[in-house]
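Student: Following this message is one structure expressed as structure tokens.
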Amino acid sequence: MTTLWAGLGAGAVYALVALTFNIPLAASGVFNFAQPQFTMLGGFLAFEGLRQGWPLLLVLGACVVVGGLLGVLEERVAIRPFVRNTTSRAALVTTVGFAVVLEGVAHVIWGTTPQAVPFPGTDSTLDVAGGRLGVLDLTVLILAVVACLSAEIATRTTGWGLANRATTIDPTAAELRGIDVTAVRRRAFALAGALACAVGPLVAAQVTASVTLGNNLLILAFVALCLGGFGSHVGCLVGGVAVGLVQALGARYLNGDWALVLLFAVLVALLLARPSGLFGARRQRTV
Amino acid sequence: MSQSTPRLARTGAAVVAAALTLGLAACGSSAGAAGGGQSSFRILAVAPLSGSVAAFGAGAKTAIDAAVKVVNGEGGIAGRTVEVTYVDDAGTPTQAVSVLQRELASGTTYDFAFLGSTSGEALAMVPIADQHKLLSCTQAGSDALNDGSKYPYFFGASTSLVQNAAATVDQVKKAGYRSAAALVDNNERGVGTLAGFQTALDKAGIPLASEKLDPTATDATAQLAKLKAANPDVLLLDAYGPTAAVMLSSVKKLGWNIPVVGSATMAGNDFTSIPPAAYQGVVLRTAAMNITGTPTTASPDFVAFQKAMVAESGGNLQYAAETYASAYGCVLLARAGATAAGSTDPDQMKAALTKVSAASDVKGWFLSSTIGFSPTSRKPIFSSSDYGNASPGPRNAMLLPAAAAG
């Protein structure tokens, strides 16, 4: 059972990062490669804030503000100039550039040495259903469930969600119907940036804050997004948890080298059966 | 006509192309030089002065500069002032090969070369240096270089993974454990260390259960749960960087109350970056030069090294003594070769270094009690007496506190 809990805990991290990929993707059609670097940055901000003796809430608030502002900045300098040309994928490449810049800045400021983030609950565990579950894992798990479900409900039931969907499907038509497409996209990048940065302290408390943290999360969070389906926030949760569980159970019951092979085998099999992922929408348009 | 490819799906496909772009994006190098006159003993130092392992390169530069000051203060090498030309390879083997070939074709004659801080760089450069009959040394610990028949002009100053693993197993035997489990990083270093554990434990008749942890892992509970099921007496951990914290934290998370011995690699971590609760009770088996109060660190040669390092760095010494000493030792070996040969001719220096056996053959040497170079063996011999037990914690002037049990 401890292995299951560990898989759920790791999966929740992938789910949250996948969600931060998905929010701007669902609102603008742009895949933001830089998103995990916001998480890395949040880890370092927590390291600095807690070292200065800041209260935890202030640290998390600072992460939300910094992440949100960086998201707005990224949208302004790395996305907006390129998305007007709908046939261009330049915005995808510029998000890679933004990721490299964030990583480079972190490298210059904090170097390559990992830093401990003494987040409350790091060392505490609970006995749950016959297994041991870290308090931090439980926190991340609850956060992932709440965040993914909230995003899904908001997408389906609010005007914000409707505007996001309209912008993604046809930005020109959305604009003609009075939707401020630029504002929709900016809000999405700000929200994703704030969430990714705020998740940083929780992740860094488990694995330390390091410049490689973002890149370490990138692949498996992307796999979680593929499994769950591009555009589906609930899919991020299911995909993330699936990745975490396959990884943990593979490591527990197979040779460790086979855990990743198993994971990618599951991904390939699923994408062959359902190319849009578990919850990704397939649209048919008659022209 | 119907269209079933939504915009998001097209974006997803384009992600793959951008990922490939990322891999090609970051290439660049910079070179710094401190050249000198015709009669200088010229050392070419190719090191990662930028990139992801730049901190190691900076450490190597500090150590080489410190050693050069010491050696020049003692009359230089064969009466010639030592000067070093630094070239940045950004820590990548391809750039390392490129800049080395450029330097070798530049018309400047080098007497000795320091070739990189990582195994990847060193393994790429040493064969090229050998083809040019350029004596070389490296900070990297790869055992693949320890082959005089393959790399006759190479002489190392660092510990080897096999020797470090054997030292960890010595501790297992000394403590009377009858079975062991090991969790290592799933990379070249970790796999090499695991092979060393396996060989040494096989010799001792101690069964080993082992698992490898991906360097990007955020949790090691599943791997440790599998090892726990084997019911070992002791757990050996080998990790560097974020995975060290992941392994140690996961042992606590699992609630596994087992003696933990960290390898020399584990001892190289900065323990200020790991929550103290995670490493409580852990014993680190590492080279004696990394531990406070050992005969090695009390020796005059080590004290001279420590003093030179503090002066050169301004006291900003991030790593264990061994990390710097392996670069410092390269300069000492260059001097020893020239002194023994009475010449700076590479073939004569090579022949002289091949015969270096005792630590006293190399002036200033403190790293190991024996050197034992031979036509085939090109790394110093670190025997059991060259290791000790340390406690994890903050370092003081490159040294970890000694473990309570010694």
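Identifiers in this document derive from the order of the structure tokens: chains are assigned A, B, ..., residues are numbered from 1 separately in each chain, and ligands are numbered from 1 in order of occurrence.
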Contacts of Ser149 in chain B at 10 Å or less, counting only C-alpha atoms, minus same-chain residues fewer than 5 places along, as a tab-separated table (two decimals) with C-alpha atoms, in the first residue's frame?
Tutor:
```
chain	number	residue	atom	x	y	z
B	375	PRO	CA	52.61	-0.01	-17.36
B	376	THR	CA	48.95	-0.97	-16.97
B	377	SER	CA	47.71	0.76	-13.80
B	378	ARG	CA	47.37	4.54	-14.11
```
Student: Could you list, as a VMD selection string, every residue within 12 Å of range 120-134 of chain A, counting only C-alpha atoms and ignoring same-chain residues fewer than 4 positions away?
Tutor: (chain A and resid 1 to 10 46 50 55 to 57 116 138 to 141 201 to 208) or (chain B and resid 219 221 to 222 225 245 to 246 248 to 256 274 to 280)
Student: Can you work out which one of B:Asp202, B:Asp270, B:Asp386, B:Asp185 has the shortest atom-to-atom distance to chain A, counting only C-alpha atoms?
Tutor: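 Among the listed residues, B:Asp270 lies closest to chain A.
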Student: From the options A:Leu60, A:Ala34, A:Val77, A:Leu278, which residue's atoms come nearest to Val17 in chain A, counting only C-alpha atoms?
Tutor: A:Ala34
Student: Just the residues within 7 Å of Val261 in chain B, please, counting only C-alpha atoms, with nothing from its chain fewer than 6 positions along; format it as a list in words.
Tutor: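 Non-adjacent residues within range: Leu235, Leu236, Leu237, Val282, Val283, Leu284 and Arg285 of chain B.
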Student: Report, in Å to a single decimal, how far apart CA of Ser106 in chain B and CA of Gly73 in chain B are.
Tutor: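 Spanning CA of Gly73 in chain B to CA of Ser106 in chain B is a straight-line distance of 29.3 Å.
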Student: Got a sec: who's within 6 Å of range 316-322 of chain B, counting only C-alpha atoms, leaving out chain neighbours fewer than 6 positions off, as a ChimeraX atom specification?
Tutor: /B:268,290,398
Student: Write to file, as a PDB file, in the first residue's frame, the residues of the selection just made, with C-alpha atoms.
Tutor:
```
ATOM      1  CA  GLY B 268      30.329  14.383  -1.953  1.00  0.00           C
ATOM      2  CA  ASN B 290      37.562  14.459   3.203  1.00  0.00           C
ATOM      3  CA  MET B 398      36.276  21.047   2.632  1.00  0.00           C
TER       4      MET B 398
END
```
Student: Any chance you could list, as a PyMOL selection string, the residues in range 73-306 of chain B that come up helix (DSSP H, G or I) when DSSP is run on the backbone?
Tutor: chain B and resi 73+93-104+119-131+143-145+161-174+188-204+221-229+242-254+264-267+271-273+276-279+288-290+295-298+300-306
Student: Any idea what's packed within 9 Å of range 332-334 of chain B, counting only C-alpha atoms, ignoring anything in its chain fewer than 3 positions away? Could you give it as a list in words?
Tutor: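 The neighbour list is Ala67, Val68, Val71, Ile77, Asp111, Phe112, Leu135, Ser136, Cys137, Phe155, Gly156, Ala157, Tyr328, Gly329, Gly337, Ala338, Thr339, Met349, Leu353, Val362, Lys363, Gly364 and Trp365 of chain B.
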Student: Output N, CA and C atoms for every residue in the selection just made, as a PDB file, in the first residue's frame.
Tutor:
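Output saved as part_15.pdb:
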```pdb
ATOM      1  N   ALA B  67      47.729  24.908  -7.034  1.00  0.00           N
ATOM      2  CA  ALA B  67      48.876  23.999  -7.175  1.00  0.00           C
ATOM      3  C   ALA B  67      50.009  24.672  -7.937  1.00  0.00           C
ATOM      4  N   VAL B  68      49.660  25.417  -8.968  1.00  0.00           N
ATOM      5  CA  VAL B  68      50.690  26.088  -9.775  1.00  0.00           C
ATOM      6  C   VAL B  68      51.442  27.111  -8.921  1.00  0.00           C
ATOM      7  N   VAL B  71      53.774  25.090  -6.698  1.00  0.00           N
ATOM      8  CA  VAL B  71      54.884  24.510  -7.467  1.00  0.00           C
ATOM      9  C   VAL B  71      55.844  25.604  -7.932  1.00  0.00           C
ATOM     10  N   ILE B  77      58.645  23.511 -12.520  1.00  0.00           N
ATOM     11  CA  ILE B  77      58.834  22.132 -12.984  1.00  0.00           C
ATOM     12  C   ILE B  77      60.077  22.084 -13.860  1.00  0.00           C
ATOM     13  N   ASP B 111      53.110  20.916 -22.527  1.00  0.00           N
ATOM     14  CA  ASP B 111      53.884  19.862 -21.868  1.00  0.00           C
ATOM     15  C   ASP B 111      53.000  18.897 -21.101  1.00  0.00           C
ATOM     16  N   PHE B 112      51.795  19.315 -20.792  1.00  0.00           N
ATOM     17  CA  PHE B 112      50.922  18.504 -19.949  1.00  0.00           C
ATOM     18  C   PHE B 112      49.501  19.012 -20.151  1.00  0.00           C
ATOM     19  N   LEU B 135      51.103  14.166 -22.381  1.00  0.00           N
ATOM     20  CA  LEU B 135      50.803  13.612 -21.054  1.00  0.00           C
ATOM     21  C   LEU B 135      49.547  14.278 -20.504  1.00  0.00           C
ATOM     22  N   SER B 136      48.671  13.465 -19.930  1.00  0.00           N
ATOM     23  CA  SER B 136      47.425  14.064 -19.447  1.00  0.00           C
ATOM     24  C   SER B 136      46.975  13.473 -18.122  1.00  0.00           C
ATOM     25  N   CYS B 137      46.047  14.186 -17.519  1.00  0.00           N
ATOM     26  CA  CYS B 137      45.505  13.814 -16.219  1.00  0.00           C
ATOM     27  C   CYS B 137      44.087  14.386 -16.166  1.00  0.00           C
ATOM     28  N   PHE B 155      47.781   9.606 -16.784  1.00  0.00           N
ATOM     29  CA  PHE B 155      47.993   9.263 -15.372  1.00  0.00           C
ATOM     30  C   PHE B 155      46.934   9.987 -14.543  1.00  0.00           C
ATOM     31  N   GLY B 156      46.203   9.259 -13.733  1.00  0.00           N
ATOM     32  CA  GLY B 156      45.111   9.864 -12.977  1.00  0.00           C
ATOM     33  C   GLY B 156      45.502  10.201 -11.545  1.00  0.00           C
ATOM     34  N   ALA B 157      44.714  11.088 -10.937  1.00  0.00           N
ATOM     35  CA  ALA B 157      44.961  11.454  -9.539  1.00  0.00           C
ATOM     36  C   ALA B 157      43.740  11.193  -8.664  1.00  0.00           C
ATOM     37  N   TYR B 328      44.402  19.254  -8.160  1.00  0.00           N
ATOM     38  CA  TYR B 328      45.672  19.703  -7.555  1.00  0.00           C
ATOM     39  C   TYR B 328      46.753  18.634  -7.774  1.00  0.00           C
ATOM     40  N   GLY B 329      46.331  17.377  -7.555  1.00  0.00           N
ATOM     41  CA  GLY B 329      47.272  16.253  -7.683  1.00  0.00           C
ATOM     42  C   GLY B 329      47.815  16.093  -9.089  1.00  0.00           C
ATOM     43  N   GLY B 337      56.872  13.674 -12.525  1.00  0.00           N
ATOM     44  CA  GLY B 337      57.358  13.028 -13.749  1.00  0.00           C
ATOM     45  C   GLY B 337      58.597  13.714 -14.290  1.00  0.00           C
ATOM     46  N   ALA B 338      58.547  15.053 -14.325  1.00  0.00           N
ATOM     47  CA  ALA B 338      59.682  15.803 -14.859  1.00  0.00           C
ATOM     48  C   ALA B 338      60.900  15.676 -13.946  1.00  0.00           C
ATOM     49  N   THR B 339      60.650  15.695 -12.639  1.00  0.00           N
ATOM     50  CA  THR B 339      61.757  15.585 -11.675  1.00  0.00           C
ATOM     51  C   THR B 339      62.433  14.224 -11.792  1.00  0.00           C
ATOM     52  N   MET B 349      59.133  11.535 -19.399  1.00  0.00           N
ATOM     53  CA  MET B 349      58.246  11.764 -18.239  1.00  0.00           C
ATOM     54  C   MET B 349      57.293  10.581 -18.058  1.00  0.00           C
ATOM     55  N   LEU B 353      57.026   8.375 -14.759  1.00  0.00           N
ATOM     56  CA  LEU B 353      55.767   8.299 -13.987  1.00  0.00           C
ATOM     57  C   LEU B 353      55.287   6.849 -13.859  1.00  0.00           C
ATOM     58  N   VAL B 362      56.132  11.437  -5.017  1.00  0.00           N
ATOM     59  CA  VAL B 362      55.494  12.648  -5.557  1.00  0.00           C
ATOM     60  C   VAL B 362      55.480  13.712  -4.465  1.00  0.00           C
ATOM     61  N   LYS B 363      56.291  14.722  -4.632  1.00  0.00           N
ATOM     62  CA  LYS B 363      56.398  15.770  -3.621  1.00  0.00           C
ATOM     63  C   LYS B 363      55.041  16.449  -3.416  1.00  0.00           C
ATOM     64  N   GLY B 364      54.625  16.572  -2.158  1.00  0.00           N
ATOM     65  CA  GLY B 364      53.366  17.251  -1.839  1.00  0.00           C
ATOM     66  C   GLY B 364      52.150  16.338  -1.855  1.00  0.00           C
ATOM     67  N   TRP B 365      52.346  15.055  -2.204  1.00  0.00           N
ATOM     68  CA  TRP B 365      51.211  14.131  -2.367  1.00  0.00           C
ATOM     69  C   TRP B 365      50.637  13.715  -1.008  1.00  0.00           C
TER      70      TRP B 365
END
```
Student: Would you list the contacts of Leu100 in chain B as an NGL selection string, taking every protein, DNA or RNA residue within 12 Å and counting only C-alpha atoms, but skipping same-chain residues closer than 4 positions in sequence?
Tutor: :B and (31 or 44-47 or 85-89 or 93-96 or 104-106 or 108 or 110 or 113-116 or 121-122 or 124-130 or 132 or 134 or 136)
Student: I'd like to know which of A:Leu73, A:Ala273, A:Leu249, A:Val243 is closest to chain B, using only C-alpha atoms.
Tutor: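 When distances to chain B are compared using only C-alpha atoms, the smallest one comes from A:Leu249.
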Student: Can you work out the spacing between CA of Ala352 in chain B and CA of Ala340 in chain B in Å, to one decimal?
Tutor: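 Spanning CA of Ala352 in chain B to CA of Ala340 in chain B is a straight-line distance of 5.7 Å.
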Student: Could you write out, as a PyMOL selection string, all the residues of range 97-222 of chain B that DSSP marks as strand (DSSP E)?
Tutor: chain B and resi 112-115+136-137+180-185+208-213
Student: Leaving out Ala390 in chain B and any residue of its chain fewer than 5 positions from it, which residues lie within 10 Å of it when counting only C-alpha atoms, given as a VMD selection string?
Tutor: chain B and resid 262 264 267 282 to 288 290 to 292 399 to 406
Student: Using the selection just defined, write its residues with C-alpha atoms as a CSV table (one decimal), in the first residue's frame.
Tutor:
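File written: result-v1.csv
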```csv
chain,number,residue,atom,x,y,z
B,262,GLY,CA,26.5,6.2,2.1
B,264,ALA,CA,32.0,8.2,-1.4
B,267,ALA,CA,29.6,11.9,0.8
B,282,VAL,CA,23.7,7.7,8.2
B,283,VAL,CA,27.4,6.8,8.0
B,284,LEU,CA,29.4,8.0,5.0
B,285,ARG,CA,32.4,5.9,3.8
B,286,THR,CA,34.7,8.3,2.0
B,287,ALA,CA,38.4,9.1,1.4
B,288,ALA,CA,40.2,10.1,4.6
B,290,ASN,CA,37.6,14.5,3.2
B,291,ILE,CA,37.3,13.9,7.0
B,292,THR,CA,38.3,16.1,9.9
B,399,LEU,CA,36.1,18.5,5.5
B,400,LEU,CA,33.1,16.6,6.9
B,401,PRO,CA,32.9,15.7,10.6
B,402,ALA,CA,34.2,12.3,11.5
B,403,ALA,CA,31.6,9.7,12.4
B,404,ALA,CA,31.3,9.0,16.1
B,405,ALA,CA,32.5,5.4,15.7
B,406,GLY,CA,35.5,6.5,13.7
```
